[in-house]
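Read through the structure below, which is laid out as structure tokens, and then see the notes.
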Amino acid sequence: MKPELIKAVEAAKTKMASQGVHTIIAQFVDIHGSAKGKYIPLAHLQDVIENGAGFAGPSIWGTGLPRNGARSEFYGQGDLTTLQALPWMPGYARIVCSGLVDGQPFSDCSRRVLMQQIERLNQLGYTLNVGIEPEFFLVNQDASGRPVPEAKDNLDKPSYDLKALAIVREVLHRIEVGLTACGFDVFQIDHEDASGQYELNYHYSDALKAADRFILFKMAADFIAEEAGLTFTLMPKPFADRPGSGLHLHLSLTNQAGLAVMADASDTHGLSNIGRHCVAGLLAHSPALAAFHAPTVNSYKRLVIGQSLSGTTWAPVHIAWGYNNRTTVVRAVAGRLEFRLTDGGSNIYAALASVIAAMLDGVEHQLNPPLPIDEDLYEWQATDFETHGVKTLPQSLGEALVALEDDRVLANALGNSYVAEYIATKQPEWIDYCRSVSDWEYKRYLTWP
């Protein structure tokens, strides 16, 4: 390790010790996007930076590593710039790790997949800034062990309800204070469209930092909610009769001078040619992107055609775009793009890597998007979609995985090995669901016909 890095590590150890830190959480994500890791004494921080924290590769979802030999070991190599003390866990700090296998960067590590796409942007002189809007529920359990919203109300439109917001104010405040201490700029928290559903907004950052921060947000919210006796969940559709939760991504490209390159104030939709190429790439690859952005069986109970059982929804279903149109999968607003397909069950590194790959396909091949739609798609009839040639997003995880398997452009960009491992990990989940028998089926078919 270079002398300057050794010096930086020692300075970091001194700083952490002054903040009462005794243990480092060496954290990475598996292919599902779940936070994984181990505890490392502060004295051994250099080991994590230099050689990485060691893990048995086959014990981690999605590595595809063998049970023996040099490639059976997965090492999480710490990124010193991510080291932060955790206010909600006094004495502990987190460092984000990227994968090493047999002494080399592991190309099937989700964080490295995102870093590779960021490097493609860098070569073009671009930076992707990402604003993430996490929607989530805080739930408790009823007498039968089923989840129920902690702050339940009977309002037809509970959006922005202050009474329900006040019930969990201490939990929300602890999350806000903890994230702020970690460098987040939290600027609003509100009650969303469903009972017990909330959204916390913090300012954008570059794509890698945005992904690292989202994982930290999940860690903080989960820990703080559990301490309060609640469950924090990003499950896309935990209640059939209530709106689901999304994870909208606000995407903006800037050049080396920091100027927005997707924006053009003279355009009727506020987008430059580059911005429109990005829209075209996102729409062209939306069916395959669904596998990364709506990665669970439950995701597709949020992305439904027709009337939702909840009576209200902001979830996209159709592959279209428009100005400030929340009924399309891509919303153009203020010279940036909001990609509305994503939910909180996604692997944020894979999600961001895949949108970069899709946008770059649009830019590199100068793809042009279809005509924008500035109408409420929820009000359209089936014939309207046929007339305008507007296609539908996959309606199941199975359909999305087929679309991803067929999208060779996306696979080549992200890495064929990574995409193949992702599909191989997700397919059993879909098959298992298809073979399971639900309470709904018992009620409907037990004595049928």
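Chain labels A, B, ... are given in the sequence in which chains occur in the structure tokens; within each chain residues are numbered consecutively from 1, and ligands are likewise numbered from 1 in the order shown.
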
Practice task
Using only C-alpha atoms, determine which residues lie at most 9 Å from Ala332 in chain A, disregarding the query and same-chain residues fewer than 5 positions distant; provide the list as a list of chain:residue names.
Solution key: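 Residues near the query, excluding close chain neighbours: A:His269, A:Gly270, A:Leu271, A:Val279, A:Trp321, A:Gly322, A:Tyr323, A:Asn324, A:Asn325, A:Leu337, A:Glu338, A:Phe339.
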
Could the residues in this selection be saved with C-alpha atoms as a short mmCIF file (atom, residue, chain, number, x, y, z; two decimals), in the first residue's frame?
data_model
loop_
_atom_site.label_atom_id
_atom_site.label_comp_id
_atom_site.auth_asym_id
_atom_site.auth_seq_id
_atom_site.Cartn_x
_atom_site.Cartn_y
_atom_site.Cartn_z
CA HIS A 269 -40.29 19.42 -23.06
CA GLY A 270 -37.15 20.97 -21.64
CA LEU A 271 -34.78 18.40 -23.13
CA VAL A 279 -35.28 8.90 -23.03
CA TRP A 321 -42.76 9.54 -21.68
CA GLY A 322 -44.13 13.03 -21.28
CA TYR A 323 -43.57 16.41 -19.68
CA ASN A 324 -44.30 16.31 -15.94
CA ASN A 325 -46.42 13.23 -16.61
CA LEU A 337 -35.59 12.56 -16.26
CA GLU A 338 -37.52 10.75 -13.56
CA PHE A 339 -37.52 6.98 -14.07
#

Exercise for the section: Taking the DSSP assignment computed from this structure's backbone, write out as an MDAnalysis selection string all residues of range 88-241 of chain A that belong to helix (DSSP H, G or I). Expected result: chainID A and resid 110:123 162:167 169:181 207:227

Could you make a table, as a Markdown table, of the residues of range 24-133 of chain A that have an atom within 8 Å of an atom of range 192-206 of chain A, each with its nearest atom pair and distance in Å to one decimal, counting only C-alpha atoms, in chain and number order?
| residue | atom | partner | partner_atom | distance |
| --- | --- | --- | --- | --- |
| A:Thr127 | CA | A:Asp206 | CA | 6.9 |
| A:Leu128 | CA | A:Asp206 | CA | 5.8 |
| A:Asn129 | CA | A:Asp206 | CA | 4.3 |
| A:Val130 | CA | A:Tyr204 | CA | 5.2 |
| A:Gly131 | CA | A:Tyr204 | CA | 4.0 |
| A:Ile132 | CA | A:Tyr204 | CA | 7.0 |
| A:Glu133 | CA | A:Asn201 | CA | 5.6 |

Handout entry: 9 Å contact set for Asn298 in chain A, only C-alpha atoms, chain neighbours under 4 positions out, as an MDAnalysis selection string
Key = chainID A and resid 235:238 294 302 396:397

Exercise for the section: Select, from A:Ile31, A:Ile373, A:Leu230, A:Ala420, the residue with the minimum atom-to-atom distance to Asp142 in chain A, counting only C-alpha atoms. Expected result: A:Leu230

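The residue set within 8 Å of range 377-393 of chain A, counting only C-alpha atoms and dropping same-chain residues fewer than 5 places from it, reads Ser286, Pro287, Ala290, Gly306, Val317, His318, Ile319, Ala320, Thr327 and Thr328 of chain A.
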
Practice task
Based on DSSP run over this structure's backbone, return all residues of range 128-247 of chain A in strand (DSSP E or B), as an NGL selection string.
Solution key: :A and (128-141 or 147-149 or 186-191 or 197-202 or 205-206 or 231-233 or 247)

Problem - Among the residues A:Ala164, A:Ala228, A:Ala280, A:Ala260, the one that comes closest to Leu360 in chain A [using only C-alpha atoms] - result: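 For Leu360 in chain A, the nearest of the given residues is A:Ala280.
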
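Distances to Pro41 in chain A were evaluated for A:Tyr92, A:Tyr300, A:Phe187, A:Tyr418 using only C-alpha atoms, and the minimum falls at A:Tyr92.
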
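Counting only C-alpha atoms, Val304 in chain A has the following residues at most 9 Å away, ignoring those fewer than 6 positions along the same chain: Ala315, Pro316, Val317 and Gln395 of chain A.
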
Handout entry: Shell around range 170-186 of chain A at 12 Å using only C-alpha atoms, local window under 3 positions removed, as a ChimeraX atom specification
Key = /A:82-90,93-94,131-134,136-138,150,164-167,189-191,196-205,209-210,212-232
